[in-house]
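**Q** Next up, entry_10.cif (mmCIF, C-alpha atoms).
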data_query
#
loop_
_atom_site.label_atom_id
_atom_site.label_comp_id
_atom_site.auth_asym_id
_atom_site.auth_seq_id
_atom_site.Cartn_x
_atom_site.Cartn_y
_atom_site.Cartn_z
CA MET A 176 220.48 97.39 283.03
CA LYS A 177 218.01 99.95 281.77
CA ALA A 178 218.37 103.50 283.10
CA LEU A 179 215.72 106.19 282.94
CA ILE A 180 217.37 109.60 283.19
CA MET A 181 215.07 112.49 284.14
CA THR A 182 216.11 116.15 284.05
CA LEU A 183 214.53 119.58 283.85
CA GLY A 184 216.13 122.98 283.36
CA THR A 185 218.22 124.84 280.83
CA ARG A 186 220.63 123.23 278.39
CA GLY A 187 223.26 123.21 281.13
CA ASP A 188 220.94 120.96 283.16
CA VAL A 189 220.43 118.57 280.23
CA GLN A 190 223.82 118.31 278.53
CA PRO A 191 225.69 116.42 281.30
CA PHE A 192 222.94 113.79 281.32
CA VAL A 193 223.26 113.34 277.56
CA ALA A 194 226.93 112.56 278.17
CA LEU A 195 226.01 110.18 281.00
CA ALA A 196 223.52 108.40 278.74
CA GLN A 197 226.19 108.00 276.07
CA ALA A 198 228.58 106.53 278.67
CA LEU A 199 225.96 104.09 279.97
CA ASP A 200 225.11 103.02 276.42
CA ALA A 201 228.81 102.51 275.67
CA ALA A 202 229.07 100.31 278.78
CA GLY A 203 226.41 98.00 277.35
CA HIS A 204 223.34 99.38 279.12
CA GLU A 205 220.11 100.83 277.75
CA THR A 206 219.18 104.43 278.51
CA VAL A 207 216.25 106.77 277.91
CA LEU A 208 216.64 110.47 278.64
CA CYS A 209 213.45 112.23 279.76
CA ALA A 210 213.60 116.02 279.47
CA PRO A 211 211.49 118.97 278.25
CA HIS A 212 210.27 118.63 274.67
CA ARG A 213 212.42 121.55 273.53
CA PHE A 214 215.57 119.44 273.96
CA GLY A 215 214.42 116.52 271.82
CA GLU A 216 216.48 117.37 268.75
CA PHE A 217 219.60 118.08 270.83
CA VAL A 218 219.33 114.76 272.66
CA THR A 219 218.64 112.59 269.63
CA ARG A 220 221.31 114.36 267.56
CA ASN A 221 223.78 113.02 270.11
CA GLY A 222 222.55 109.46 269.64
CA VAL A 223 220.52 109.18 272.86
CA SER A 224 216.94 107.89 273.12
CA PHE A 225 214.58 110.69 274.12
CA ALA A 226 211.23 110.91 275.87
CA GLY A 227 209.67 114.34 276.22
CA VAL A 228 207.79 115.95 279.09
CA ASP A 229 205.97 119.26 279.26
CA ASP A 230 208.26 122.30 279.27
CA GLY A 231 206.63 123.56 282.46
CA PRO A 232 208.47 126.54 283.97
CA MET A 233 210.95 126.55 281.07
CA ARG A 234 208.38 128.61 279.14
CA GLN A 235 209.51 131.58 281.21
CA LEU A 236 212.65 131.59 279.05
CA ASP A 237 210.78 131.82 275.76
CA SER A 238 211.22 135.57 275.41
CA PRO A 239 214.05 137.82 276.61
CA ALA A 240 211.58 140.03 278.48
CA GLU A 241 210.02 137.12 280.40
CA ALA A 242 213.42 135.58 281.06
CA GLY A 243 214.84 138.85 282.31
CA GLU A 244 211.97 139.30 284.73
CA ALA A 245 212.20 135.68 285.90
CA PHE A 246 215.92 135.93 286.65
CA ALA A 247 216.31 139.54 287.77
CA GLY A 248 212.86 140.59 288.98
CA GLY A 249 212.27 141.93 292.47
CA LEU A 250 210.17 140.86 295.44
CA ARG A 251 206.87 141.18 293.60
CA THR A 252 208.16 138.82 290.88
CA ARG A 253 209.33 136.31 293.48
CA LEU A 254 205.97 136.32 295.26
CA ARG A 255 204.16 135.77 291.96
CA GLN A 256 206.49 132.86 291.13
CA ILE A 257 205.73 131.24 294.48
CA ARG A 258 202.01 131.45 293.67
CA GLU A 259 202.21 130.36 290.03
CA MET A 260 205.14 127.93 289.84
CA PRO A 261 203.50 124.86 291.47
CA SER A 262 200.77 124.63 288.82
CA MET A 263 203.44 124.70 286.09
CA PHE A 264 204.53 121.24 287.26
CA ASP A 265 201.16 119.47 286.98
CA GLN A 266 201.76 118.33 283.41
CA VAL A 267 205.48 117.72 284.02
CA LEU A 268 204.61 115.24 286.76
CA ALA A 269 201.87 113.59 284.70
CA ASP A 270 204.19 113.21 281.70
CA SER A 271 206.99 111.87 283.88
CA TRP A 272 204.84 109.00 285.12
CA GLN A 273 203.55 108.28 281.62
CA VAL A 274 207.12 107.96 280.34
CA ALA A 275 208.25 105.82 283.27
CA ALA A 276 205.27 103.48 283.57
CA HIS A 277 203.91 103.19 280.05
CA GLY A 278 206.29 104.92 277.65
CA ALA A 279 209.90 104.66 276.54
CA GLY A 280 211.17 104.48 280.13
CA SER A 281 209.08 101.49 281.19
CA GLY A 282 211.03 98.52 282.49
CA ALA A 283 213.81 100.67 283.93
CA ASP A 284 216.08 99.27 286.65
CA VAL A 285 217.13 102.68 287.97
CA VAL A 286 216.00 106.31 287.81
CA ILE A 287 218.74 108.93 287.58
CA HIS A 288 217.40 112.45 288.09
CA ASN A 289 218.51 116.00 288.75
CA GLY A 290 216.02 116.92 291.48
CA GLN A 291 214.63 119.88 289.52
CA ILE A 292 212.16 117.70 287.63
CA LEU A 293 210.63 116.89 291.07
CA ALA A 294 209.39 113.48 289.89
CA GLY A 295 212.53 111.33 290.08
CA GLN A 296 212.57 109.72 293.52
CA HIS A 297 208.76 109.38 293.55
CA VAL A 298 208.68 107.57 290.20
CA ALA A 299 211.45 105.25 291.41
CA GLU A 300 209.56 104.56 294.64
CA ALA A 301 206.37 103.71 292.74
CA LEU A 302 208.30 101.34 290.47
CA GLY A 303 210.26 99.76 293.33
CA ILE A 304 213.67 100.62 291.86
CA PRO A 305 216.56 102.75 293.18
CA ALA A 306 216.84 106.47 292.49
CA VAL A 307 220.18 108.18 291.93
CA LEU A 308 220.47 111.94 292.26
CA GLY A 309 222.81 113.52 289.70
CA LEU A 310 223.89 117.13 290.26
CA PRO A 311 226.20 119.65 288.57
CA LEU A 312 226.64 121.43 291.92
CA PRO A 313 226.49 120.56 295.64
CA MET A 314 222.93 121.72 296.38
CA TYR A 315 221.45 118.95 298.53
CA VAL A 316 224.09 117.51 300.87
CA PRO A 317 225.01 119.85 303.77
CA THR A 318 228.62 120.51 304.69
CA ARG A 319 230.55 122.68 307.12
CA GLU A 320 233.10 123.55 304.42
CA TYR A 321 231.13 126.04 302.31
CA PRO A 322 227.66 127.63 302.19
CA TRP A 323 224.63 126.48 300.21
CA PRO A 324 225.12 127.45 296.54
CA GLY A 325 221.46 128.31 295.99
CA GLN A 326 221.89 131.91 297.11
CA SER A 327 224.68 134.47 297.07
CA LEU A 328 226.19 133.73 300.48
CA PRO A 329 229.66 134.71 301.71
CA PHE A 330 232.49 132.23 301.96
CA GLY A 331 234.32 131.98 305.26
CA LEU A 332 231.30 131.47 307.53
CA PRO A 333 231.71 129.28 310.63
CA GLY A 334 231.13 125.62 309.84
CA ARG A 335 227.85 125.33 311.72
CA LEU A 336 226.46 128.32 309.82
CA ASN A 337 227.54 126.81 306.51
CA ARG A 338 225.58 123.66 307.34
CA ALA A 339 222.59 125.71 308.42
CA THR A 340 222.42 127.52 305.07
CA PHE A 341 221.55 124.22 303.37
CA GLY A 342 218.14 124.59 304.98
CA GLY A 343 217.42 126.54 301.80
CA MET A 344 216.74 123.17 300.15
CA ARG A 345 213.53 122.98 302.17
CA LEU A 346 212.04 125.59 299.86
CA PRO A 347 211.09 123.16 297.03
CA ALA A 348 209.12 121.01 299.48
CA ALA A 349 207.39 124.11 300.83
CA MET A 350 206.53 125.37 297.33
CA PHE A 351 205.63 122.13 295.59
CA GLY A 352 204.76 119.77 298.44
CA ARG A 353 201.00 119.90 297.98
CA VAL A 354 201.20 119.37 294.22
CA ILE A 355 203.58 116.42 294.64
CA ASP A 356 201.62 114.85 297.49
CA ARG A 357 198.40 115.00 295.46
CA TRP A 358 200.17 113.40 292.49
CA ARG A 359 201.73 110.73 294.72
CA ARG A 360 198.32 109.86 296.16
CA ASP A 361 196.11 110.10 293.08
CA THR A 362 198.48 108.87 290.35
CA LEU A 363 201.26 106.86 291.98
CA GLY A 364 199.25 105.39 294.85
CA LEU A 365 201.95 106.30 297.38
CA SER A 366 201.52 107.35 300.98
CA SER A 367 202.71 110.56 302.59
CA ARG A 368 205.68 108.96 304.29
CA ARG A 369 208.28 110.90 306.24
CA GLY A 370 211.22 112.15 304.15
CA ARG A 371 209.38 111.74 300.84
CA HIS A 372 210.50 115.16 299.56
CA ASP A 373 214.21 114.58 300.26
CA PRO A 374 215.87 113.02 297.19
CA THR A 375 219.00 112.18 299.19
CA LEU A 376 217.05 109.53 301.11
CA ARG A 377 215.71 106.17 299.98
CA PRO A 378 212.13 105.24 300.93
CA ASP A 379 213.54 103.15 303.81
CA GLY A 380 215.33 106.22 305.18
CA GLY A 381 218.83 105.16 304.13
CA PRO A 382 221.10 107.36 302.01
CA ALA A 383 220.49 107.47 298.27
CA LEU A 384 223.42 107.65 295.87
CA VAL A 385 224.15 111.32 295.08
CA LEU A 386 226.59 111.95 292.23
CA HIS A 387 228.14 115.39 291.81
CA ALA A 388 229.26 115.96 288.22
CA TYR A 389 232.09 118.40 288.75
CA SER A 390 235.81 118.13 289.33
CA PRO A 391 237.25 117.37 292.79
CA ALA A 392 240.21 119.50 291.69
CA VAL A 393 237.82 122.45 291.37
CA LEU A 394 235.78 121.74 294.52
CA PRO A 395 237.08 118.87 296.67
CA GLN A 396 234.67 116.43 298.27
CA PRO A 397 233.88 117.60 301.82
CA GLU A 398 235.22 115.42 304.60
CA ASP A 399 231.89 115.56 306.46
CA TRP A 400 229.72 114.20 303.65
CA PRO A 401 227.87 110.95 304.38
CA ALA A 402 228.32 107.67 302.55
CA GLY A 403 226.70 107.73 299.14
CA ALA A 404 227.59 111.35 298.29
CA GLU A 405 230.33 111.36 295.67
CA VAL A 406 232.20 113.90 293.52
CA THR A 407 232.89 112.06 290.27
CA GLY A 408 234.48 114.61 287.95
CA TYR A 409 232.81 116.31 284.99
CA TRP A 410 230.43 114.60 282.55
CA PRO A 411 231.43 116.17 279.22
CA LEU A 412 230.03 115.45 275.78
CA PRO A 413 232.62 114.59 273.11
CA PRO A 414 233.68 117.82 271.40
CA GLU A 415 232.44 118.64 267.93
CA PRO A 416 234.90 117.70 265.13
CA ARG A 417 235.65 121.37 264.40
CA LEU A 418 234.34 124.87 264.83
CA PRO A 419 232.22 126.48 262.10
CA ASP A 420 234.18 127.96 259.20
CA ALA A 421 233.28 131.54 260.11
CA VAL A 422 234.67 131.03 263.62
CA GLU A 423 237.87 129.43 262.34
CA GLU A 424 238.39 132.30 259.90
CA PHE A 425 237.91 134.89 262.64
CA LEU A 426 240.33 133.13 265.00
CA ALA A 427 242.97 132.86 262.30
CA ASP A 428 242.72 136.57 261.52
CA GLY A 429 244.32 137.96 264.68
CA ALA A 430 245.22 137.53 268.32
CA ALA A 431 243.24 135.26 270.63
CA PRO A 432 240.00 137.12 271.39
CA LEU A 433 237.96 137.65 274.53
CA PHE A 434 234.83 135.52 274.82
CA ALA A 435 231.60 136.83 276.35
CA GLY A 436 228.35 134.93 276.78
CA PHE A 437 225.71 134.65 279.46
CA GLY A 438 224.10 131.34 278.47
CA SER A 439 220.37 131.09 279.12
CA MET A 440 220.46 134.15 281.37
CA SER A 441 218.74 137.37 280.36
CA GLY A 442 218.82 140.35 282.66
CA LEU A 443 216.44 143.27 282.66
CA ALA A 444 218.79 145.36 280.46
CA PRO A 445 220.54 143.12 277.89
CA GLN A 446 221.40 146.07 275.64
CA ALA A 447 223.25 147.81 278.47
CA SER A 448 225.12 144.60 279.32
CA THR A 449 226.07 144.22 275.67
CA ARG A 450 227.43 147.74 275.42
CA ALA A 451 229.44 147.16 278.62
CA VAL A 452 231.03 144.01 277.21
CA VAL A 453 231.98 145.69 273.93
CA GLU A 454 233.37 148.71 275.78
CA ALA A 455 235.47 146.42 277.98
CA ALA A 456 236.92 144.72 274.90
CA HIS A 457 237.78 148.18 273.53
CA LEU A 458 239.38 149.34 276.78
CA THR A 459 241.53 146.19 277.05
CA GLY A 460 242.44 146.08 273.34
CA ASN A 461 240.84 142.70 272.76
CA ARG A 462 239.01 141.26 269.82
CA LEU A 463 235.67 139.79 270.89
CA VAL A 464 233.61 136.65 270.32
CA MET A 465 230.10 137.18 271.69
CA ALA A 466 227.48 134.45 272.17
CA THR A 467 223.96 135.87 272.25
CA ALA A 468 222.00 132.69 273.24
CA TRP A 469 218.50 133.53 274.60
CA GLY A 470 218.95 137.30 274.68
CA GLY A 471 221.38 137.80 277.55
CA LEU A 472 223.46 139.76 275.05
CA ASP A 473 221.99 141.50 272.01
CA ALA A 474 223.56 140.94 268.59
CA GLU A 475 222.42 144.17 266.93
CA THR A 476 223.50 146.29 269.90
CA ALA A 477 226.86 144.51 269.86
CA ARG A 478 227.46 145.24 266.18
CA THR A 479 226.57 148.91 266.61
CA ALA A 480 228.77 149.29 269.69
CA ALA A 481 231.65 147.45 268.02
CA THR A 482 231.52 149.85 265.08
CA GLU A 483 231.53 152.84 267.45
CA HIS A 484 234.50 151.52 269.45
CA GLY A 485 236.43 149.90 266.60
CA VAL A 486 236.24 146.43 268.15
CA ASP A 487 236.82 143.39 265.93
CA LEU A 488 233.66 141.39 266.70
CA LEU A 489 232.22 137.98 265.85
CA VAL A 490 228.70 137.14 267.03
CA VAL A 491 227.99 133.40 267.39
CA GLY A 492 224.96 131.32 268.30
CA ASP A 493 225.17 127.65 269.23
CA VAL A 494 228.88 126.80 269.15
CA ASP A 495 230.88 124.10 270.92
CA TYR A 496 232.52 125.77 273.93
CA GLN A 497 234.86 122.81 274.39
CA ARG A 498 236.43 123.66 271.03
CA LEU A 499 236.14 127.44 271.41
CA PHE A 500 237.28 128.23 274.95
CA PRO A 501 240.87 126.89 274.73
CA ARG A 502 241.48 129.43 271.97
CA MET A 503 240.25 132.46 273.91
CA ALA A 504 242.36 135.01 275.79
CA ALA A 505 239.82 134.90 278.64
CA VAL A 506 236.22 133.80 279.13
CA VAL A 507 233.56 136.22 280.43
CA HIS A 508 230.43 134.34 281.47
CA HIS A 509 227.52 134.15 283.90
CA GLY A 510 228.85 131.44 286.19
CA GLY A 511 226.54 128.58 285.23
CA ALA A 512 227.88 125.21 286.34
CA GLY A 513 228.31 123.89 282.80
CA THR A 514 230.02 126.97 281.37
CA THR A 515 232.27 127.29 284.41
CA GLY A 516 233.26 123.65 284.13
CA THR A 517 234.10 124.03 280.44
CA ALA A 518 236.24 127.08 281.21
CA PHE A 519 238.07 125.19 283.99
CA THR A 520 238.69 122.31 281.58
CA ALA A 521 239.89 124.66 278.83
CA GLY A 522 242.58 126.13 281.06
CA ARG A 523 241.63 129.72 280.36
CA PRO A 524 241.20 132.55 282.87
CA GLN A 525 237.65 133.57 283.65
CA VAL A 526 235.61 136.62 284.60
CA VAL A 527 232.31 135.60 286.18
CA CYS A 528 229.39 138.05 285.98
CA PRO A 529 226.65 136.25 287.91
CA PHE A 530 222.91 136.83 287.82
CA VAL A 531 221.32 134.54 290.44
CA ALA A 532 221.31 131.20 292.28
CA ASP A 533 224.54 129.16 292.12
CA GLN A 534 226.34 131.54 289.76
CA PRO A 535 227.93 133.72 292.49
CA PHE A 536 229.05 130.50 294.19
CA TRP A 537 230.93 129.28 291.11
CA GLY A 538 232.39 132.76 290.65
CA ARG A 539 233.84 132.63 294.15
CA VAL A 540 235.11 129.07 293.59
CA ALA A 541 236.89 130.22 290.42
CA HIS A 542 238.45 133.09 292.38
CA ALA A 543 239.48 130.74 295.20
CA ARG A 544 241.22 128.47 292.69
CA GLY A 545 243.19 131.47 291.41
CA VAL A 546 241.77 131.33 287.87
CA ALA A 547 239.51 134.42 288.07
CA PRO A 548 239.21 137.77 289.84
CA MET A 549 236.36 138.33 292.28
CA PRO A 550 232.97 137.99 290.53
CA LEU A 551 231.42 141.11 289.01
CA SER A 552 227.69 141.15 289.65
CA GLN A 553 225.44 141.87 286.68
CA ARG A 554 223.99 144.77 288.66
CA ARG A 555 227.45 146.38 288.70
CA LEU A 556 228.43 145.48 285.14
CA THR A 557 229.91 148.48 283.33
CA GLY A 558 232.55 148.70 280.64
CA PRO A 559 235.32 150.07 282.90
CA ALA A 560 234.52 147.64 285.73
CA LEU A 561 234.61 144.66 283.38
CA ALA A 562 237.81 145.92 281.71
CA GLU A 563 239.48 146.02 285.13
CA ARG A 564 238.44 142.41 285.80
CA VAL A 565 239.63 141.25 282.37
CA THR A 566 243.03 142.86 282.98
CA GLU A 567 243.26 141.02 286.32
CA ALA A 568 242.27 137.73 284.66
CA CYS A 569 245.02 137.99 282.05
CA ALA A 570 247.82 138.41 284.60
CA PRO A 571 250.59 135.77 284.31
CA ALA A 572 249.81 134.19 287.70
CA VAL A 573 246.16 133.69 286.76
CA LEU A 574 247.08 132.22 283.37
CA ALA A 575 249.46 129.77 285.06
CA ALA A 576 246.85 128.75 287.66
CA ALA A 577 244.24 128.14 284.97
CA SER A 578 246.62 125.94 282.97
CA GLU A 579 247.66 123.92 286.04
CA LEU A 580 244.06 123.34 287.11
CA ALA A 581 243.12 122.19 283.60
CA ASP A 582 245.91 119.61 283.70
CA ARG A 583 244.46 118.16 286.91
CA VAL A 584 240.91 118.10 285.55
CA ALA A 585 242.08 116.35 282.38
CA ARG A 586 243.34 113.38 284.39
CA GLU A 587 239.90 112.68 285.90
CA GLN A 588 237.43 110.14 284.48
CA GLY A 589 234.13 111.49 285.73
CA LEU A 590 231.84 109.54 283.42
CA GLU A 591 233.59 106.22 284.02
CA ARG A 592 233.33 106.71 287.78
CA ALA A 593 229.65 107.70 287.57
CA VAL A 594 228.80 104.60 285.50
CA ALA A 595 230.61 102.33 287.96
CA LEU A 596 228.81 103.84 290.96
CA ILE A 597 225.40 103.52 289.26
CA GLU A 598 226.10 99.89 288.36
CA ARG A 599 227.09 99.18 291.95
CA ALA A 600 223.93 100.81 293.31
CA VAL A 601 221.68 98.74 291.03
CA GLU A 602 223.51 95.51 291.86
CA ALA A 603 223.18 96.21 295.60
CA ASP A 604 219.41 96.70 295.19
CA GLN A 605 218.85 93.39 293.43
#
Would you write out, as structure tokens, the structure that this file holds?
**A**
Amino acid sequence: MKALIMTLGTRGDVQPFVALAQALDAAGHETVLCAPHRFGEFVTRNGVSFAGVDDGPMRQLDSPAEAGEAFAGGLRTRLRQIREMPSMFDQVLADSWQVAAHGAGSGADVVIHNGQILAGQHVAEALGIPAVLGLPLPMYVPTREYPWPGQSLPFGLPGRLNRATFGGMRLPAAMFGRVIDRWRRDTLGLSSRRGRHDPTLRPDGGPALVLHAYSPAVLPQPEDWPAGAEVTGYWPLPPEPRLPDAVEEFLADGAAPLFAGFGSMSGLAPQASTRAVVEAAHLTGNRLVMATAWGGLDAETARTAATEHGVDLLVVGDVDYQRLFPRMAAVVHHGGAGTTGTAFTAGRPQVVCPFVADQPFWGRVAHARGVAPMPLSQRRLTGPALAERVTEACAPAVLAAASELADRVAREQGLERAVALIERAVEADQ
């Protein structure tokens, strides 16, 4: 079997598919991972065949100022995105078909995609092969048990209202429908059939396989999901052999530190967020490991604030969280699906400081599992407020809950289950 994996997004949207590609390769299959060009070195460094597509909307993350506006801008920003975003996908769609029909992905027996790349089910339809939707969160399949994770919505709604909130997934079709339909007609030679924009449906209207790459111990599979929707467990990469020497030296030099990092997120005031994090470490008496990533936290501001407050600080860039998190006192993060999953797996308490989209959802899930206090919105992030949350997170009951949940997650075999379900789907189509 040859699998073409197609994904678009931040590193958290790419990394699980690198792990899936490794698992498929290890099972004797052939895989090609199609993702934005910027991830080429990361993918190939992990031994996976790579085919690049245009970066498209990912260019909005190329500077902290642009990223901050994209993630935290107001109504005017949102209206501009609705106008400008569709044209950003023209080259992404063209490149996707080139890879699938004529490039490294040609001859595939299945397309596995994350929905965000927009091309997945359409490419599979044009090639006459099955499409499998792979997701790090439950965005597409409605349920009565919790609300749609795409917006900050309250838990505890009546079941019918929870299901209704999943109507938010109609937005991509509304935004990108014309661009996709033109590409389907002019490039793929496909008709405008009913249900074409719903990746949970096959072209014949039956249910597509939808794999959810998170732990059922963290978020159990809803009882009202249809056949074909599955929670597999996490898709982790193998951990790095060891942490960098500078990190090991810092960890050996004192008590377990607090970790703070906001991934690819960059708010409108990263310096203020940085000062708040350092102040919280000071107020709670913690040493601090800070990951700056794409500007969500500012290294120079952190060093200045740490000197002012007398905080023992280490600033890191790209470091393996699977190795790092188990050695932290607590993990302060933005609530991205990948970072949250790594923190669950590490068995450490969390403090989630969400920006947008699914991040508040994961913050509330972490709180519901007893491994984190209530999320602290980035708009309310101050040193004293964060210090209060960190103190809550380090309570004995939270520490015990985090350890117990990690034990349950460790017993799952998410990648093995995903591979088996993909194999079954391809066999059934032949």
**Q** Convert the output of the PyMOL selection byres ((chain A and resi 403) around 9) on the shown file into explicit residues, formatted as a PDB file with C-alpha atoms, in the coordinates of the input.
**A**
ATOM      1  CA  THR A 375     219.000 112.180 299.190  1.00  0.00           C
ATOM      2  CA  PRO A 382     221.100 107.360 302.010  1.00  0.00           C
ATOM      3  CA  ALA A 383     220.490 107.470 298.270  1.00  0.00           C
ATOM      4  CA  LEU A 384     223.420 107.650 295.870  1.00  0.00           C
ATOM      5  CA  VAL A 385     224.150 111.320 295.080  1.00  0.00           C
ATOM      6  CA  LEU A 386     226.590 111.950 292.230  1.00  0.00           C
ATOM      7  CA  TRP A 400     229.720 114.200 303.650  1.00  0.00           C
ATOM      8  CA  PRO A 401     227.870 110.950 304.380  1.00  0.00           C
ATOM      9  CA  ALA A 402     228.320 107.670 302.550  1.00  0.00           C
ATOM     10  CA  ALA A 404     227.590 111.350 298.290  1.00  0.00           C
ATOM     11  CA  GLU A 405     230.330 111.360 295.670  1.00  0.00           C
TER      12      GLU A 405
END
**Q** Counting only C-alpha atoms, figure out which residue out of A:Leu183, A:Ala348, A:Ile355, A:Leu463 gets nearest to A:Gln291.
**A**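 Distance minimum relative to A:Gln291 lands on A:Leu183.
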**Q** Give me, please, the distance in Å between atom CA of A:Val594 and atom CA of A:Leu199, quoted to one decimal.
**A**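 The value is 6.2 Å.
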**Q** Given the choices A:Arg564, A:His372, A:Arg359, A:Arg478, which gets closest to A:Leu346 if the distance is worked out from all atoms listed in the file?
**A**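 Comparing A:Arg564, A:His372, A:Arg359, A:Arg478 against A:Leu346, the winner is A:His372.
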**Q** Would you mind listing what lies within 8 Å of stretch 329-343 of chain A as a list of chain:residue names, with only C-alpha atoms counted and same-chain residues fewer than 4 positions away left out?
**A**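 Listed by chain and then number, they are A:Met314, A:Tyr315, A:Val316, A:Pro317, A:Thr318, A:Arg319, A:Glu320, A:Tyr321, A:Pro322, A:Trp323, A:Gly325, A:Arg539.
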**Q** List the residues selected by the PyMOL selection byres ((chain A and resi 305) around 12) in the file shown, writing them as a PDB file with C-alpha atoms, in the frame of the given file.
**A**
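Output file selection12.pdb is given in full below:
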ATOM      1  CA  LYS A 177     218.010  99.950 281.770  1.00  0.00           C
ATOM      2  CA  ALA A 178     218.370 103.500 283.100  1.00  0.00           C
ATOM      3  CA  LEU A 179     215.720 106.190 282.940  1.00  0.00           C
ATOM      4  CA  ALA A 283     213.810 100.670 283.930  1.00  0.00           C
ATOM      5  CA  ASP A 284     216.080  99.270 286.650  1.00  0.00           C
ATOM      6  CA  VAL A 285     217.130 102.680 287.970  1.00  0.00           C
ATOM      7  CA  VAL A 286     216.000 106.310 287.810  1.00  0.00           C
ATOM      8  CA  ILE A 287     218.740 108.930 287.580  1.00  0.00           C
ATOM      9  CA  HIS A 288     217.400 112.450 288.090  1.00  0.00           C
ATOM     10  CA  GLY A 295     212.530 111.330 290.080  1.00  0.00           C
ATOM     11  CA  GLN A 296     212.570 109.720 293.520  1.00  0.00           C
ATOM     12  CA  HIS A 297     208.760 109.380 293.550  1.00  0.00           C
ATOM     13  CA  VAL A 298     208.680 107.570 290.200  1.00  0.00           C
ATOM     14  CA  ALA A 299     211.450 105.250 291.410  1.00  0.00           C
ATOM     15  CA  GLU A 300     209.560 104.560 294.640  1.00  0.00           C
ATOM     16  CA  ALA A 301     206.370 103.710 292.740  1.00  0.00           C
ATOM     17  CA  LEU A 302     208.300 101.340 290.470  1.00  0.00           C
ATOM     18  CA  GLY A 303     210.260  99.760 293.330  1.00  0.00           C
ATOM     19  CA  ILE A 304     213.670 100.620 291.860  1.00  0.00           C
ATOM     20  CA  ALA A 306     216.840 106.470 292.490  1.00  0.00           C
ATOM     21  CA  VAL A 307     220.180 108.180 291.930  1.00  0.00           C
ATOM     22  CA  LEU A 308     220.470 111.940 292.260  1.00  0.00           C
ATOM     23  CA  PRO A 374     215.870 113.020 297.190  1.00  0.00           C
ATOM     24  CA  THR A 375     219.000 112.180 299.190  1.00  0.00           C
ATOM     25  CA  LEU A 376     217.050 109.530 301.110  1.00  0.00           C
ATOM     26  CA  ARG A 377     215.710 106.170 299.980  1.00  0.00           C
ATOM     27  CA  PRO A 378     212.130 105.240 300.930  1.00  0.00           C
ATOM     28  CA  ASP A 379     213.540 103.150 303.810  1.00  0.00           C
ATOM     29  CA  GLY A 381     218.830 105.160 304.130  1.00  0.00           C
ATOM     30  CA  PRO A 382     221.100 107.360 302.010  1.00  0.00           C
ATOM     31  CA  ALA A 383     220.490 107.470 298.270  1.00  0.00           C
ATOM     32  CA  LEU A 384     223.420 107.650 295.870  1.00  0.00           C
ATOM     33  CA  VAL A 385     224.150 111.320 295.080  1.00  0.00           C
ATOM     34  CA  ILE A 597     225.400 103.520 289.260  1.00  0.00           C
ATOM     35  CA  GLU A 598     226.100  99.890 288.360  1.00  0.00           C
ATOM     36  CA  ARG A 599     227.090  99.180 291.950  1.00  0.00           C
ATOM     37  CA  ALA A 600     223.930 100.810 293.310  1.00  0.00           C
ATOM     38  CA  VAL A 601     221.680  98.740 291.030  1.00  0.00           C
ATOM     39  CA  GLU A 602     223.510  95.510 291.860  1.00  0.00           C
ATOM     40  CA  ALA A 603     223.180  96.210 295.600  1.00  0.00           C
ATOM     41  CA  ASP A 604     219.410  96.700 295.190  1.00  0.00           C
ATOM     42  CA  GLN A 605     218.850  93.390 293.430  1.00  0.00           C
TER      43      GLN A 605
END
**Q** So which residues touch A:Ala480 within 12 Å, counting all atoms listed in the file, skipping near sequence neighbours fewer than 6 positions away, as a PyMOL selection string?
**A** chain A and resi 446-457+463+473-474+486-488+558
**Q** Go through the shown structure with the PyMOL selection byres ((chain A and resi 501-504) around 9) and write out the matching residues as an mmCIF file with C-alpha atoms, keeping the file's coordinate frame.
**A**
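Output contents, as saved in part-v5.cif:
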data_model
loop_
_atom_site.group_PDB
_atom_site.id
_atom_site.type_symbol
_atom_site.label_atom_id
_atom_site.label_comp_id
_atom_site.auth_asym_id
_atom_site.auth_seq_id
_atom_site.Cartn_x
_atom_site.Cartn_y
_atom_site.Cartn_z
ATOM 1 C CA LEU A 426 240.330 133.130 265.000
ATOM 2 C CA ALA A 430 245.220 137.530 268.320
ATOM 3 C CA ALA A 431 243.240 135.260 270.630
ATOM 4 C CA PRO A 432 240.000 137.120 271.390
ATOM 5 C CA LEU A 433 237.960 137.650 274.530
ATOM 6 C CA PHE A 434 234.830 135.520 274.820
ATOM 7 C CA ASN A 461 240.840 142.700 272.760
ATOM 8 C CA VAL A 464 233.610 136.650 270.320
ATOM 9 C CA TYR A 496 232.520 125.770 273.930
ATOM 10 C CA GLN A 497 234.860 122.810 274.390
ATOM 11 C CA ARG A 498 236.430 123.660 271.030
ATOM 12 C CA LEU A 499 236.140 127.440 271.410
ATOM 13 C CA PHE A 500 237.280 128.230 274.950
ATOM 14 C CA ALA A 505 239.820 134.900 278.640
ATOM 15 C CA VAL A 506 236.220 133.800 279.130
ATOM 16 C CA ALA A 518 236.240 127.080 281.210
ATOM 17 C CA THR A 520 238.690 122.310 281.580
ATOM 18 C CA ALA A 521 239.890 124.660 278.830
ATOM 19 C CA GLY A 522 242.580 126.130 281.060
ATOM 20 C CA ARG A 523 241.630 129.720 280.360
ATOM 21 C CA PRO A 524 241.200 132.550 282.870
ATOM 22 C CA CYS A 569 245.020 137.990 282.050
#
**Q** The centre and edge lengths of an axis-aligned box containing all atoms of stretch 373-385 of chain A present in the file, extended by 6 Å on each side, are to be given in Å to one decimal, as AutoDock Vina command-line options.
**A**
--center_x 218.1 --center_y 108.9 --center_z 300.1 --size_x 24.0 --size_y 23.4 --size_z 22.1
